[in-house]
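K.L.:
I'm passing along my_file.txt; it holds compact mmCIF, C-alpha atoms.
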```txt
# COMPACT_ATOMS: atom_id res chain seq x y z
CA MET A 1 66.80 -103.30 58.95
CA ASP A 2 68.05 -102.88 62.52
CA GLN A 3 68.08 -99.64 64.49
CA ALA A 4 71.53 -98.60 63.30
CA ASP A 5 70.55 -99.23 59.70
CA ARG A 6 67.35 -97.23 60.19
CA SER A 7 69.45 -94.26 61.34
CA VAL A 8 71.69 -94.61 58.31
CA ALA A 9 68.59 -94.65 56.11
CA ALA A 10 67.53 -91.31 57.54
CA ARG A 11 70.55 -89.61 56.03
CA VAL A 12 69.07 -90.17 52.58
CA LEU A 13 67.38 -86.81 52.67
CA THR A 14 64.51 -87.88 50.42
CA ASP A 15 63.62 -90.70 48.03
CA ARG A 16 65.20 -88.83 45.14
CA ALA A 17 64.40 -85.17 44.77
CA GLY A 18 66.85 -84.63 41.93
CA SER A 19 64.68 -86.30 39.32
CA GLY A 20 64.86 -83.50 36.79
CA ARG A 21 62.80 -80.43 36.01
CA ALA A 22 59.26 -80.10 34.74
CA GLY A 23 58.70 -80.42 31.00
CA THR A 24 57.06 -82.43 28.28
CA ALA A 25 57.36 -86.15 27.65
CA PRO A 26 56.39 -88.77 25.04
CA THR A 27 53.23 -90.80 25.33
CA SER A 28 53.10 -94.31 26.77
CA THR A 29 50.98 -97.44 26.54
CA ASP A 30 49.03 -99.08 29.34
CA PRO A 31 49.88 -102.80 29.56
CA PRO A 32 47.42 -105.07 31.35
CA ARG A 33 47.99 -106.37 34.86
CA ARG A 34 45.96 -108.54 37.22
CA ASN A 35 42.78 -106.90 38.42
CA ARG A 36 43.05 -105.39 41.86
CA VAL A 37 42.72 -101.58 42.00
CA TYR A 38 41.10 -99.38 39.36
CA ALA A 39 41.81 -95.71 38.76
CA GLY A 40 38.90 -93.62 37.54
CA SER A 41 37.50 -94.40 34.12
CA VAL A 42 40.83 -95.58 32.75
CA SER A 43 41.61 -99.28 32.94
CA ALA A 44 44.58 -98.89 35.26
CA VAL A 45 45.03 -101.89 37.50
CA VAL A 46 47.50 -102.27 40.35
CA ASP A 47 47.98 -105.64 42.03
CA LEU A 48 47.54 -104.35 45.54
CA ASP A 49 47.50 -107.84 47.05
CA ALA A 50 50.93 -108.52 45.60
CA ALA A 51 52.22 -105.15 46.87
CA ILE A 52 51.00 -105.97 50.36
CA GLY A 53 52.65 -109.37 50.17
CA PHE A 54 55.93 -107.76 49.11
CA VAL A 55 55.97 -105.45 52.13
CA VAL A 56 55.08 -108.29 54.49
CA ALA A 57 57.86 -110.46 53.07
CA ARG A 58 60.57 -107.83 52.67
CA GLY A 59 59.80 -105.09 55.19
CA ASP A 60 61.13 -104.68 58.71
CA ALA A 61 58.86 -104.44 61.74
CA VAL A 62 58.35 -100.69 61.38
CA GLU A 63 57.52 -100.98 57.70
CA ARG A 64 55.04 -103.76 58.37
CA ALA A 65 53.43 -101.59 61.06
CA ARG A 66 53.15 -98.77 58.52
CA LEU A 67 51.42 -101.16 56.14
CA SER A 68 49.03 -102.36 58.82
CA ARG A 69 47.90 -98.86 59.67
CA LEU A 70 47.56 -97.88 56.02
CA ARG A 71 45.32 -100.90 55.44
CA THR A 72 43.23 -100.92 58.60
CA GLY A 73 43.88 -97.73 60.55
CA ALA A 74 44.94 -99.84 63.53
CA PRO A 75 47.31 -98.04 65.94
CA ALA A 76 50.95 -99.04 65.61
CA PRO A 77 52.71 -100.50 68.66
CA VAL A 78 54.41 -97.76 70.67
CA GLU A 79 57.78 -99.53 70.62
CA LEU A 80 57.79 -99.51 66.82
CA ILE A 81 56.86 -95.84 66.65
CA GLU A 82 59.74 -95.12 69.02
CA ARG A 83 62.09 -96.95 66.66
CA ALA A 84 60.94 -94.69 63.82
CA GLU A 85 61.51 -91.65 66.04
CA PHE A 86 65.05 -92.71 66.95
CA GLY A 87 67.92 -90.28 66.42
CA GLN A 88 66.04 -86.99 66.74
CA ALA A 89 68.31 -84.06 67.58
CA PRO A 90 67.58 -82.07 70.76
CA ASP A 91 66.37 -79.10 68.72
CA GLY A 92 63.63 -81.21 67.09
CA GLY A 93 65.02 -82.00 63.66
CA TRP A 94 66.53 -85.24 62.47
CA PRO A 95 70.15 -85.06 61.31
CA ALA A 96 71.25 -85.52 57.73
CA THR A 97 73.97 -88.02 58.65
CA LEU A 98 74.29 -90.82 61.16
CA ASP A 99 74.80 -89.29 64.61
CA GLY A 100 75.08 -85.84 63.07
CA PRO A 101 74.63 -82.90 65.44
CA ILE A 102 72.64 -80.68 63.06
CA GLY A 103 69.02 -81.16 62.08
CA SER A 104 68.19 -81.29 58.38
CA VAL A 105 64.96 -79.90 56.91
CA ASP A 106 64.79 -82.63 54.29
CA ALA A 107 65.75 -85.50 56.57
CA THR A 108 63.09 -84.32 59.00
CA CYS A 109 60.46 -84.33 56.25
CA PHE A 110 61.53 -87.89 55.35
CA ARG A 111 60.98 -89.00 58.96
CA LEU A 112 57.63 -87.23 59.16
CA ALA A 113 56.48 -89.26 56.15
CA GLU A 114 57.26 -92.48 58.02
CA LEU A 115 55.56 -91.23 61.17
CA ASP A 116 52.52 -90.17 59.16
CA ASP A 117 52.05 -93.75 57.96
CA LEU A 118 52.28 -94.87 61.58
CA GLY A 119 49.67 -92.34 62.71
CA ALA A 120 52.26 -90.67 64.93
CA LEU A 121 52.16 -87.03 63.86
CA GLY A 122 50.43 -86.11 67.11
CA ARG A 123 53.15 -87.57 69.33
CA PRO A 124 55.73 -85.35 71.06
CA ALA A 125 58.55 -86.23 68.66
CA ALA A 126 56.60 -85.15 65.59
CA ARG A 127 55.23 -82.07 67.34
CA HIS A 128 58.77 -81.08 68.28
CA ALA A 129 59.94 -81.63 64.71
CA LEU A 130 57.11 -79.57 63.24
CA ASP A 131 57.76 -76.75 65.66
CA TRP A 132 61.42 -76.90 64.64
CA LEU A 133 60.47 -76.70 60.94
CA ALA A 134 58.28 -73.68 61.63
CA THR A 135 61.11 -71.85 63.40
CA ARG A 136 63.45 -72.58 60.48
CA GLN A 137 61.32 -70.60 58.01
CA SER A 138 63.08 -67.52 56.68
CA ALA A 139 61.59 -64.05 56.38
CA ASP A 140 60.71 -64.60 52.71
CA GLY A 141 58.58 -67.64 53.57
CA GLY A 142 61.10 -70.23 52.40
CA TRP A 143 63.49 -72.78 53.87
CA GLU A 144 67.15 -73.64 53.40
CA GLU A 145 69.39 -76.21 55.01
CA ASP A 146 71.91 -75.09 57.61
CA PRO A 147 75.10 -73.84 55.86
CA ALA A 148 77.05 -76.31 58.00
CA LEU A 149 75.49 -79.13 55.92
CA ALA A 150 76.96 -77.86 52.64
CA GLU A 151 79.57 -80.64 52.49
CA VAL A 152 77.07 -83.48 52.92
CA ALA A 153 73.90 -82.10 51.29
CA PRO A 154 72.88 -83.49 47.90
CA ASP A 155 72.06 -81.11 45.06
CA TRP A 156 68.38 -80.89 45.96
CA ALA A 157 69.13 -79.68 49.50
CA ARG A 158 72.31 -77.66 48.98
CA PRO A 159 72.39 -74.54 51.16
CA GLY A 160 72.31 -71.33 49.15
CA ASP A 161 70.98 -72.95 45.97
CA PRO A 162 67.68 -71.33 44.86
CA GLU A 163 66.43 -74.54 43.26
CA ALA A 164 67.10 -76.48 46.45
CA GLY A 165 65.45 -73.73 48.48
CA PHE A 166 62.28 -73.97 46.41
CA TYR A 167 62.14 -77.74 46.89
CA LEU A 168 62.72 -77.48 50.63
CA THR A 169 60.04 -74.80 50.89
CA ALA A 170 57.51 -77.02 49.15
CA ASN A 171 58.48 -80.04 51.25
CA ALA A 172 58.40 -78.28 54.62
CA GLY A 173 55.23 -76.44 53.66
CA PHE A 174 53.58 -79.72 52.75
CA TRP A 175 54.25 -81.36 56.11
CA LEU A 176 53.25 -78.32 58.09
CA THR A 177 50.06 -78.22 56.02
CA VAL A 178 48.97 -81.80 56.59
CA ALA A 179 50.16 -82.11 60.18
CA GLY A 180 49.23 -78.77 61.70
CA LEU A 181 45.84 -79.74 63.05
CA ASP A 182 46.99 -83.06 64.46
CA ALA A 183 50.38 -81.99 65.77
CA ARG A 184 49.84 -78.50 67.12
CA SER A 185 52.29 -77.70 69.90
CA ALA A 186 49.89 -75.90 72.24
CA GLY A 187 46.80 -73.74 72.43
CA PRO A 188 43.20 -74.18 71.28
CA LEU A 189 42.28 -76.08 68.14
CA ASP A 190 42.87 -73.89 65.13
CA HIS A 191 40.69 -74.83 62.15
CA ARG A 192 42.61 -72.76 59.62
CA VAL A 193 44.65 -74.60 56.97
CA GLY A 194 47.79 -75.69 58.77
CA GLY A 195 46.23 -75.33 62.21
CA ALA A 196 48.79 -73.90 64.58
CA TYR A 197 51.09 -73.34 61.58
CA ALA A 198 48.53 -71.49 59.44
CA GLY A 199 50.61 -68.35 59.12
CA VAL A 200 53.74 -70.33 58.32
CA VAL A 201 52.00 -72.36 55.63
CA HIS A 202 50.39 -69.27 54.10
CA ALA A 203 53.81 -67.63 53.80
CA ALA A 204 55.24 -70.80 52.26
CA ALA A 205 52.46 -70.91 49.67
CA GLN A 206 53.06 -67.27 48.79
CA ALA A 207 56.79 -67.94 48.40
CA VAL A 208 55.96 -70.76 45.97
CA VAL A 209 53.46 -68.73 43.94
CA GLU A 210 55.87 -65.84 43.51
CA ARG A 211 58.29 -68.13 41.67
CA LEU A 212 55.84 -70.02 39.47
CA GLY A 213 55.86 -69.39 35.74
CA PRO A 214 52.65 -68.33 33.96
CA ASP A 215 52.41 -71.84 32.50
CA GLY A 216 52.67 -73.52 35.91
CA SER A 217 56.36 -74.40 35.64
CA TRP A 218 58.59 -74.07 38.68
CA PRO A 219 62.32 -73.32 39.03
CA SER A 220 63.35 -76.47 40.83
CA PHE A 221 63.44 -80.25 40.86
CA LEU A 222 60.53 -82.38 39.72
CA PRO A 223 59.14 -83.42 43.16
CA ALA A 224 58.85 -79.76 44.11
CA GLY A 225 56.00 -79.68 41.62
CA TRP A 226 53.68 -82.12 43.33
CA LEU A 227 54.63 -80.88 46.79
CA SER A 228 53.84 -77.30 45.72
CA ALA A 229 50.59 -78.36 44.05
CA ALA A 230 49.53 -80.05 47.29
CA VAL A 231 50.30 -77.00 49.43
CA LEU A 232 48.45 -74.68 47.07
CA HIS A 233 45.46 -77.04 46.81
CA ARG A 234 45.00 -77.00 50.57
CA GLN A 235 45.36 -73.21 50.58
CA GLY A 236 42.46 -72.97 48.15
CA ARG A 237 44.71 -71.65 45.40
CA TYR A 238 43.21 -74.08 42.94
CA ASP A 239 44.18 -72.23 39.76
CA GLU A 240 47.89 -72.24 40.56
CA SER A 241 47.72 -75.84 41.76
CA ALA A 242 45.92 -76.90 38.58
CA ARG A 243 48.54 -75.24 36.39
CA ILE A 244 51.29 -77.18 38.15
CA GLN A 245 49.31 -80.39 37.83
CA ALA A 246 48.93 -79.82 34.08
CA VAL A 247 52.70 -79.62 33.74
CA LEU A 248 53.12 -82.76 35.85
CA ALA A 249 50.63 -84.62 33.66
CA GLU A 250 52.97 -84.15 30.70
CA ARG A 251 55.76 -85.85 32.64
CA ILE A 252 53.82 -88.92 33.77
CA PRO A 253 54.97 -91.27 30.96
CA GLU A 254 58.61 -90.86 31.98
CA LEU A 255 58.22 -90.89 35.76
CA SER A 256 60.12 -93.49 37.73
CA PRO A 257 58.01 -95.82 39.90
CA ALA A 258 59.20 -93.98 43.02
CA ASP A 259 58.20 -90.61 41.61
CA ALA A 260 54.80 -91.83 40.41
CA ALA A 261 54.08 -93.25 43.87
CA TRP A 262 55.33 -90.10 45.62
CA LEU A 263 53.26 -87.83 43.40
CA ALA A 264 50.05 -89.82 43.85
CA ALA A 265 50.47 -90.32 47.60
CA THR A 266 51.21 -86.60 48.10
CA LEU A 267 48.15 -85.35 46.26
CA ARG A 268 45.87 -87.97 47.80
CA ARG A 269 47.10 -86.88 51.24
CA VAL A 270 45.69 -83.38 50.77
CA GLY A 271 42.37 -84.51 49.36
CA VAL A 272 42.84 -84.25 45.61
CA GLY A 273 40.15 -86.54 44.21
CA GLU A 274 41.30 -89.90 42.90
CA GLU A 275 39.26 -89.29 39.76
CA GLN A 276 41.46 -86.34 38.78
CA TRP A 277 43.31 -87.06 35.57
CA LEU A 278 46.76 -86.56 37.03
CA LEU A 279 46.12 -89.19 39.71
CA VAL A 280 44.51 -91.55 37.22
CA SER A 281 47.60 -91.20 35.03
CA ALA A 282 50.00 -91.69 37.95
CA ARG A 283 48.24 -94.90 38.91
CA ARG A 284 48.42 -96.05 35.32
CA ARG A 285 52.17 -95.46 35.52
CA LEU A 286 52.29 -97.62 38.65
CA THR A 287 50.58 -100.47 36.78
CA GLU A 288 53.23 -100.22 34.08
CA THR A 289 56.12 -100.40 36.51
CA GLN A 290 54.97 -102.84 39.20
CA ARG A 291 57.33 -105.82 39.34
CA SER A 292 56.28 -109.45 39.26
CA ASP A 293 57.09 -109.73 42.99
CA GLY A 294 54.55 -106.98 43.76
CA GLY A 295 57.02 -104.22 44.58
CA TRP A 296 58.28 -101.11 42.83
CA ASP A 297 61.85 -99.92 42.30
CA SER A 298 63.21 -97.11 44.42
CA ASP A 299 65.48 -94.54 42.84
CA ASP A 300 67.90 -94.91 45.77
CA GLY A 301 68.67 -98.61 45.59
CA HIS A 302 66.77 -101.74 46.49
CA GLN A 303 67.08 -101.08 50.23
CA PHE A 304 64.33 -98.47 49.70
CA ASP A 305 62.03 -100.60 47.53
CA VAL A 306 59.75 -101.30 50.49
CA HIS A 307 59.46 -97.58 51.22
CA THR A 308 58.51 -96.91 47.60
CA THR A 309 56.00 -99.76 47.67
CA LEU A 310 54.41 -98.36 50.82
CA ARG A 311 53.96 -95.05 49.03
CA ALA A 312 52.31 -96.86 46.14
CA VAL A 313 49.98 -98.65 48.56
CA ARG A 314 48.98 -95.32 50.11
CA ALA A 315 48.37 -93.91 46.64
CA CYS A 316 46.18 -96.82 45.60
CA LEU A 317 44.08 -97.47 48.68
CA THR A 318 40.44 -96.48 48.35
CA PRO A 319 39.29 -93.40 50.29
CA SER A 320 37.28 -95.60 52.64
CA THR A 321 40.37 -97.48 53.80
CA ALA A 322 43.15 -94.90 53.45
CA PRO A 323 43.93 -93.12 56.74
CA ASP A 324 43.79 -89.33 56.93
```
If you took the structure in this file and wrote it as structure tokens, what would it be?

P.N.:
Amino acid sequence: MDQADRSVAARVLTDRAGSGRAGTAPTSTDPPRRNRVYAGSVSAVVDLDAAIGFVVARGDAVERARLSRLRTGAPAPVELIERAEFGQAPDGGWPATLDGPIGSVDATCFRLAELDDLGALGRPAARHALDWLATRQSADGGWEEDPALAEVAPDWARPGDPEAGFYLTANAGFWLTVAGLDARSAGPLDHRVGGAYAGVVHAAAQAVVERLGPDGSWPSFLPAGWLSAAVLHRQGRYDESARIQAVLAERIPELSPADAAWLAATLRRVGVGEEQWLLVSARRRLTETQRSDGGWDSDDGHQFDVHTTLRAVRACLTPSTAPD
């Protein structure tokens, strides 16, 4: 993927937020696979060596650098980080379309995920993007895309749509949560959750809680569930997070590979223990859906299979090797 293609890829505002809403699902079986990575007490085995080989063979230079840091923690070359930062708008966001003039909340979160794998959330580009996200928060604690993006935004990011707003709030809140300490814009180190963005993240969590159902359901797209659960977990709102996770556990058997990887990588990123049943189940789902070439299918076409596989690698690395 060359630089122009990488910019085009950024307009895909997320891997696939419109995966459906939370609910129940049928049970599934757990077929065997070659022994590589185990999940808790359940015999769930991911062929991590094959996944690594897939990224090496199919990924571009930036994706291979992401893999290297995920595996070893080694710093990525600056020139590759700069390629991942390419196309940032002057205000700090990344646009939703190629060469677009307006920053997109969701496209910016997509880029932050790439930069996180590269260990680049403390660089000026990411700091600028996080500051931009913080300034985009509305008075009620939520986020919406700029109304000018209405013609190009997919359903899960459509301006004025409450379901899209909930998803964007969970997504922006997640990245401000995990990046605040490392990517603060200025001032002394702030040890509160979210660091320099502690107040912003707290308001985001409150906006999420106010719209949760008593059973843990949420009025939005499926990925908003695991993003919300991650934000609430880091806020110490373990009861609300656990209720969401219980709903997600019912959906595991029907999750796509991309969603299973996204869910597991998100919750691992905020310190949810790998022995938790939801993560054990998500990794079981990854064993069921790993292809013979070592990769996993993206929901956005095969050009994103490497991105999905990198998420699965992050989800399956042991705590001793996974970067913070």

K.L.:
Using only C-alpha atoms, find the one residue out of A:Cys109, A:Ala312, A:Ala139, A:Leu121 that sits nearest to Gly295 (chain A).

P.N.:
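The closest residue to Gly295 (chain A) is A:Ala312.
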
K.L.:
Could you give me, as a PDB file with C-alpha atoms, in the coordinates of the input, the residues within 12 Å of Ile102 (chain A), counting only C-alpha atoms and dropping anything in the same chain fewer than 6 positions from it?

P.N.:
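Wrote it out as out33.pdb, contents follow:
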```
ATOM      1  CA  ARG A  11      70.550 -89.610  56.030  1.00  0.00           C
ATOM      2  CA  GLY A  87      67.920 -90.280  66.420  1.00  0.00           C
ATOM      3  CA  GLN A  88      66.040 -86.990  66.740  1.00  0.00           C
ATOM      4  CA  ALA A  89      68.310 -84.060  67.580  1.00  0.00           C
ATOM      5  CA  PRO A  90      67.580 -82.070  70.760  1.00  0.00           C
ATOM      6  CA  ASP A  91      66.370 -79.100  68.720  1.00  0.00           C
ATOM      7  CA  GLY A  92      63.630 -81.210  67.090  1.00  0.00           C
ATOM      8  CA  GLY A  93      65.020 -82.000  63.660  1.00  0.00           C
ATOM      9  CA  TRP A  94      66.530 -85.240  62.470  1.00  0.00           C
ATOM     10  CA  PRO A  95      70.150 -85.060  61.310  1.00  0.00           C
ATOM     11  CA  ALA A  96      71.250 -85.520  57.730  1.00  0.00           C
ATOM     12  CA  THR A 108      63.090 -84.320  59.000  1.00  0.00           C
ATOM     13  CA  TRP A 132      61.420 -76.900  64.640  1.00  0.00           C
ATOM     14  CA  GLU A 145      69.390 -76.210  55.010  1.00  0.00           C
ATOM     15  CA  ASP A 146      71.910 -75.090  57.610  1.00  0.00           C
ATOM     16  CA  PRO A 147      75.100 -73.840  55.860  1.00  0.00           C
ATOM     17  CA  ALA A 148      77.050 -76.310  58.000  1.00  0.00           C
ATOM     18  CA  LEU A 149      75.490 -79.130  55.920  1.00  0.00           C
ATOM     19  CA  ALA A 150      76.960 -77.860  52.640  1.00  0.00           C
ATOM     20  CA  VAL A 152      77.070 -83.480  52.920  1.00  0.00           C
ATOM     21  CA  ALA A 153      73.900 -82.100  51.290  1.00  0.00           C
TER      22      ALA A 153
END
```

K.L.:
Take CA of Ala107 (chain A) and CA of Ser298 (chain A) and report the distance between them in Å, one decimal.

P.N.:
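Distance between the two atoms: 17.0 Å.
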
K.L.:
Near Arg64 (chain A), counting only C-alpha atoms, which residues have an atom at most 10 Å away, once you skip same-chain residues fewer than 6 positions from it, shown as an MDAnalysis selection string?

P.N.:
chainID A and resid 52 55:58 70 76 80 118 306 310

K.L.:
In terms of the shortest atom-to-atom distance over only C-alpha atoms, which of A:Ala157, A:His302, A:Ala264, A:Glu275 is closest to Cys316 (chain A)?

P.N.:
A:Ala264

K.L.:
For each of A:Arg66, A:His307, A:Arg283, A:His233, take the minimum atom-to-atom distance to Val178 (chain A), counting only C-alpha atoms, then give the residue where this is smallest.

P.N.:
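Answer, going by the shortest atom-to-atom distance: A:His233.
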
K.L.:
Using all atoms listed in the file, which protein or nucleic acid residues come within 12 Å of Thr309 (chain A)? Drop anything in the same chain fewer than 6 positions from it, and give the result as a VMD selection string.

P.N.:
chain A and resid 15 46 to 56 58 to 59 63 to 64 66 to 67 257 to 262 265 286 289 to 291 293 to 299 302 to 303 315 to 316

K.L.:
Return the single residue from A:Ala129, A:Leu227, A:Ala207, A:Leu222 that is closest to Val247 (chain A), with distances computed using only C-alpha atoms.

P.N.:
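Closest candidate: A:Leu222.
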
K.L.:
For CA of Ala134 (chain A) and CA of Asp106 (chain A), determine how far apart the two atoms are, in Å to one decimal place.

P.N.:
13.3 Å

K.L.:
In Å to one decimal, how far is CA of Arg111 (chain A) from CA of Asp161 (chain A)?

P.N.:
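Atom-to-atom, CA of Asp161 (chain A) to CA of Arg111 (chain A), that is 22.9 Å.
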
K.L.:
Would you mind putting N, CA and C atoms back on region 269-289 of chain A and writing the result as a PDB file, keeping the file's coordinate frame?

P.N.:
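Dumped to part.pdb:
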```
ATOM      1  N   ARG A 269      47.013 -87.244  49.817  1.00  0.00           N
ATOM      2  CA  ARG A 269      47.100 -86.880  51.240  1.00  0.00           C
ATOM      3  C   ARG A 269      46.412 -85.565  51.538  1.00  0.00           C
ATOM      4  N   VAL A 270      46.330 -84.670  50.547  1.00  0.00           N
ATOM      5  CA  VAL A 270      45.690 -83.380  50.770  1.00  0.00           C
ATOM      6  C   VAL A 270      44.285 -83.324  50.186  1.00  0.00           C
ATOM      7  N   GLY A 271      43.760 -84.458  49.777  1.00  0.00           N
ATOM      8  CA  GLY A 271      42.370 -84.510  49.360  1.00  0.00           C
ATOM      9  C   GLY A 271      42.089 -84.283  47.902  1.00  0.00           C
ATOM     10  N   VAL A 272      43.105 -84.314  47.041  1.00  0.00           N
ATOM     11  CA  VAL A 272      42.840 -84.250  45.610  1.00  0.00           C
ATOM     12  C   VAL A 272      42.102 -85.530  45.213  1.00  0.00           C
ATOM     13  N   GLY A 273      41.001 -85.396  44.517  1.00  0.00           N
ATOM     14  CA  GLY A 273      40.150 -86.540  44.210  1.00  0.00           C
ATOM     15  C   GLY A 273      40.851 -87.570  43.341  1.00  0.00           C
ATOM     16  N   GLU A 274      40.636 -88.843  43.653  1.00  0.00           N
ATOM     17  CA  GLU A 274      41.300 -89.900  42.900  1.00  0.00           C
ATOM     18  C   GLU A 274      40.853 -89.955  41.458  1.00  0.00           C
ATOM     19  N   GLU A 275      39.737 -89.296  41.138  1.00  0.00           N
ATOM     20  CA  GLU A 275      39.260 -89.290  39.760  1.00  0.00           C
ATOM     21  C   GLU A 275      39.963 -88.228  38.912  1.00  0.00           C
ATOM     22  N   GLN A 276      40.741 -87.349  39.541  1.00  0.00           N
ATOM     23  CA  GLN A 276      41.460 -86.340  38.780  1.00  0.00           C
ATOM     24  C   GLN A 276      42.444 -86.996  37.809  1.00  0.00           C
ATOM     25  N   TRP A 277      42.549 -86.407  36.630  1.00  0.00           N
ATOM     26  CA  TRP A 277      43.310 -87.060  35.570  1.00  0.00           C
ATOM     27  C   TRP A 277      44.761 -87.296  35.945  1.00  0.00           C
ATOM     28  N   LEU A 278      45.363 -86.377  36.661  1.00  0.00           N
ATOM     29  CA  LEU A 278      46.760 -86.560  37.030  1.00  0.00           C
ATOM     30  C   LEU A 278      46.921 -87.803  37.904  1.00  0.00           C
ATOM     31  N   LEU A 279      46.026 -88.013  38.854  1.00  0.00           N
ATOM     32  CA  LEU A 279      46.120 -89.190  39.710  1.00  0.00           C
ATOM     33  C   LEU A 279      45.780 -90.462  38.947  1.00  0.00           C
ATOM     34  N   VAL A 280      44.809 -90.385  38.071  1.00  0.00           N
ATOM     35  CA  VAL A 280      44.510 -91.550  37.220  1.00  0.00           C
ATOM     36  C   VAL A 280      45.753 -91.936  36.417  1.00  0.00           C
ATOM     37  N   SER A 281      46.419 -90.935  35.852  1.00  0.00           N
ATOM     38  CA  SER A 281      47.600 -91.200  35.030  1.00  0.00           C
ATOM     39  C   SER A 281      48.750 -91.735  35.872  1.00  0.00           C
ATOM     40  N   ALA A 282      48.925 -91.203  37.077  1.00  0.00           N
ATOM     41  CA  ALA A 282      50.000 -91.690  37.950  1.00  0.00           C
ATOM     42  C   ALA A 282      49.768 -93.144  38.315  1.00  0.00           C
ATOM     43  N   ARG A 283      48.530 -93.509  38.572  1.00  0.00           N
ATOM     44  CA  ARG A 283      48.240 -94.900  38.910  1.00  0.00           C
ATOM     45  C   ARG A 283      48.407 -95.806  37.691  1.00  0.00           C
ATOM     46  N   ARG A 284      48.114 -95.289  36.528  1.00  0.00           N
ATOM     47  CA  ARG A 284      48.420 -96.050  35.320  1.00  0.00           C
ATOM     48  C   ARG A 284      49.917 -96.322  35.238  1.00  0.00           C
ATOM     49  N   ARG A 285      50.714 -95.299  35.557  1.00  0.00           N
ATOM     50  CA  ARG A 285      52.170 -95.460  35.520  1.00  0.00           C
ATOM     51  C   ARG A 285      52.613 -96.532  36.522  1.00  0.00           C
ATOM     52  N   LEU A 286      51.953 -96.590  37.665  1.00  0.00           N
ATOM     53  CA  LEU A 286      52.290 -97.620  38.650  1.00  0.00           C
ATOM     54  C   LEU A 286      51.952 -99.015  38.128  1.00  0.00           C
ATOM     55  N   THR A 287      50.881 -99.153  37.356  1.00  0.00           N
ATOM     56  CA  THR A 287      50.580-100.470  36.780  1.00  0.00           C
ATOM     57  C   THR A 287      51.659-100.890  35.789  1.00  0.00           C
ATOM     58  N   GLU A 288      52.212 -99.923  35.081  1.00  0.00           N
ATOM     59  CA  GLU A 288      53.230-100.220  34.080  1.00  0.00           C
ATOM     60  C   GLU A 288      54.547-100.660  34.709  1.00  0.00           C
ATOM     61  N   THR A 289      54.796-100.216  35.918  1.00  0.00           N
ATOM     62  CA  THR A 289      56.120-100.400  36.510  1.00  0.00           C
ATOM     63  C   THR A 289      56.136-101.344  37.700  1.00  0.00           C
TER      64      THR A 289
END
```
